[in-house]
Every structure is written in structure tokens, then in C-alpha cells.
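Heads up: the structure comes next, in C-alpha cells.
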Amino acid sequence: MDISVGPGARLECDEERGRFRVDGPITGAERFADVLVDARVHGFDAERDVMPVYPNLLRRGIVRKWTNPGVGEADFVPGGLDLTPEFHPVRADGSVESRITFLGPPSEGVMYHQIGALRPNKDHHVIRDILCWIHAFMPQEHESPAGEKTKELERNPA
């Protein structure tokens, strides 16, 4: 995959070569391709989700959307939820709802997830985020001094 042509790319069919020609008006780059793939992950917007759970959570004030404040321009509100580093939602009143966690598309904006993070032997921040979520969500097994395994729920004081 080559994305070097840059933003605003233009596509034409080059019939002489039997290929696609992609021009970058900003970069000046020109590339030829045998195959084009138009693949996009749909954007997540809690307010507009087809399933009622997210709009209902918003309406009830249990969650709020994340906002990146603009400086001299409008705020950027991509549609994901406002979450703590432990993936708990921030309520409409600014308090934290520690009984709920979110991971994946609802966390877009405040967190950033990408499939490439799953490559083997990589210490990617997305995997560290997922481990943080798992450790906050799941009870951890610990060995007692007698060698017995015990389940203990780790609590984050935050």
C-alpha cells in the first residue's frame, strides 16, 4: 500500500498502460496501480449509533462525548466517549463511572486503536492500553505465602 501521493489525491484511468494513475496535487507525486482498494473503518459516533445503548447512555448522563478543545476555532468532537486512562467513562457532570469500561471504537479520540498494533513482538501502546483495561476489569490471581492461589480484585485508588 502506498499513501505517499498525499491528501486530495486524484484518480484517472491510464488506458495506454491498462493501469490506474494517482496524482497528488499537493505532493506532486504520481503513482500507478493495478488494483485500488477503497477500505475505511466507519467512524464511531455515540450519539448516532444505530444501537440504542450509546444514545441512551448519553441521554441519561452516564457518559459524555470526548472533546478536543479548539484554540481560536470550534472544538473537535469525533464521536467517541470521554474516558479515564483506565477506560472508565466520564459522566456528563464530570464524575467517573467506575462500574463501566469501554474499549475499541467508543474510545476513539481520547485513545487511538489500530489493527497494526497486534503484530507479534511489538511493544505497542495500544496493546499496553488493552492490558491496562484488562487489569482494571479482571480479578488477578496471586499466590499466597503458603503457595495457594487466591483471586484478588486489584483496585486503582484513582
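Simple scheme: letters A, B, ... for chains in C-alpha cells order, numbers from 1 for residues in each chain, numbers from 1 for ligands in the order shown.
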Could you list, as a PyMOL selection string, every residue within 12 Å of region 16-23 of chain A, counting only C-alpha atoms and ignoring same-chain residues fewer than 2 positions away? chain A and resi 2-14+25-37
Skip region 43-55 of chain A itself and residues of its chain fewer than 6 positions away, then list as a PyMOL selection string all residues within 9 Å of it, counting only C-alpha atoms. chain A and resi 63-65+78-81+105-106+108
Just-selected residues, N, CA, C and O atoms written as a short mmCIF file (atom, residue, chain, number, x, y, z; two decimals), in the first residue's frame:
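Written output follows (part_38.cif):
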```cif
data_model
loop_
_atom_site.label_atom_id
_atom_site.label_comp_id
_atom_site.auth_asym_id
_atom_site.auth_seq_id
_atom_site.Cartn_x
_atom_site.Cartn_y
_atom_site.Cartn_z
N VAL A 63 -22.55 8.82 30.38
CA VAL A 63 -21.32 9.06 29.61
C VAL A 63 -21.44 10.44 28.95
O VAL A 63 -22.53 11.01 28.88
N ARG A 64 -20.31 10.92 28.48
CA ARG A 64 -20.31 12.13 27.64
C ARG A 64 -19.29 11.91 26.53
O ARG A 64 -18.39 11.07 26.64
N LYS A 65 -19.44 12.67 25.45
CA LYS A 65 -18.51 12.55 24.34
C LYS A 65 -17.22 13.31 24.66
O LYS A 65 -17.23 14.33 25.33
N PRO A 78 -15.00 14.04 17.84
CA PRO A 78 -15.05 12.96 16.86
C PRO A 78 -16.18 11.95 17.07
O PRO A 78 -16.52 11.23 16.15
N GLY A 79 -16.75 11.87 18.27
CA GLY A 79 -17.86 10.94 18.46
C GLY A 79 -17.63 9.89 19.53
O GLY A 79 -18.57 9.27 20.00
N GLY A 80 -16.36 9.67 19.91
CA GLY A 80 -16.04 8.69 20.96
C GLY A 80 -16.36 9.24 22.34
O GLY A 80 -16.71 10.41 22.51
N LEU A 81 -16.24 8.38 23.32
CA LEU A 81 -16.58 8.75 24.69
C LEU A 81 -15.39 9.33 25.43
O LEU A 81 -14.25 8.99 25.16
N PRO A 105 -13.87 1.10 19.38
CA PRO A 105 -14.43 2.30 18.75
C PRO A 105 -14.99 3.34 19.71
O PRO A 105 -14.80 4.53 19.47
N PRO A 106 -15.69 2.97 20.81
CA PRO A 106 -16.18 4.03 21.69
C PRO A 106 -15.07 4.86 22.33
O PRO A 106 -15.31 5.96 22.80
N GLU A 108 -12.38 5.89 20.66
CA GLU A 108 -11.67 6.68 19.65
C GLU A 108 -11.74 8.16 19.96
O GLU A 108 -12.78 8.70 20.30
#
```
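For the pair CA of Ile100 (chain A) and CA of Gly70 (chain A), the separation is 28.5 Å.
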Choose the residue, out of A:Val71, A:Met111, A:Ala136, A:Leu131, that has the smallest atom-to-atom separation from Ser98 (chain A); count only C-alpha atoms.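 With only C-alpha atoms as the atom set, the closest residue is A:Ala136.
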Please identify which residues in region 25-86 of chain A DSSP calls alpha helix (DSSP H) from the backbone, and express them as a ChimeraX atom specification. /A:53-59
Any chance you could export the current selection's N, CA and C atoms as a PDB file, in the first residue's frame?
```pdb
ATOM      1  N   VAL A  53     -28.003   1.692  22.861  1.00  0.00           N
ATOM      2  CA  VAL A  53     -27.264   1.754  24.124  1.00  0.00           C
ATOM      3  C   VAL A  53     -26.480   3.064  24.272  1.00  0.00           C
ATOM      4  N   TYR A  54     -25.737   3.476  23.259  1.00  0.00           N
ATOM      5  CA  TYR A  54     -24.917   4.685  23.389  1.00  0.00           C
ATOM      6  C   TYR A  54     -25.758   5.955  23.470  1.00  0.00           C
ATOM      7  N   PRO A  55     -26.740   6.144  22.572  1.00  0.00           N
ATOM      8  CA  PRO A  55     -27.585   7.332  22.724  1.00  0.00           C
ATOM      9  C   PRO A  55     -28.282   7.377  24.091  1.00  0.00           C
ATOM     10  N   ASN A  56     -28.709   6.225  24.607  1.00  0.00           N
ATOM     11  CA  ASN A  56     -29.359   6.192  25.920  1.00  0.00           C
ATOM     12  C   ASN A  56     -28.386   6.549  27.042  1.00  0.00           C
ATOM     13  N   LEU A  57     -27.162   6.043  26.978  1.00  0.00           N
ATOM     14  CA  LEU A  57     -26.162   6.386  27.994  1.00  0.00           C
ATOM     15  C   LEU A  57     -25.879   7.882  27.991  1.00  0.00           C
ATOM     16  N   LEU A  58     -25.792   8.461  26.791  1.00  0.00           N
ATOM     17  CA  LEU A  58     -25.579   9.915  26.674  1.00  0.00           C
ATOM     18  C   LEU A  58     -26.772  10.682  27.245  1.00  0.00           C
ATOM     19  N   ARG A  59     -27.959  10.294  26.839  1.00  0.00           N
ATOM     20  CA  ARG A  59     -29.173  10.997  27.273  1.00  0.00           C
ATOM     21  C   ARG A  59     -29.321  10.966  28.792  1.00  0.00           C
TER      22      ARG A  59
END
```
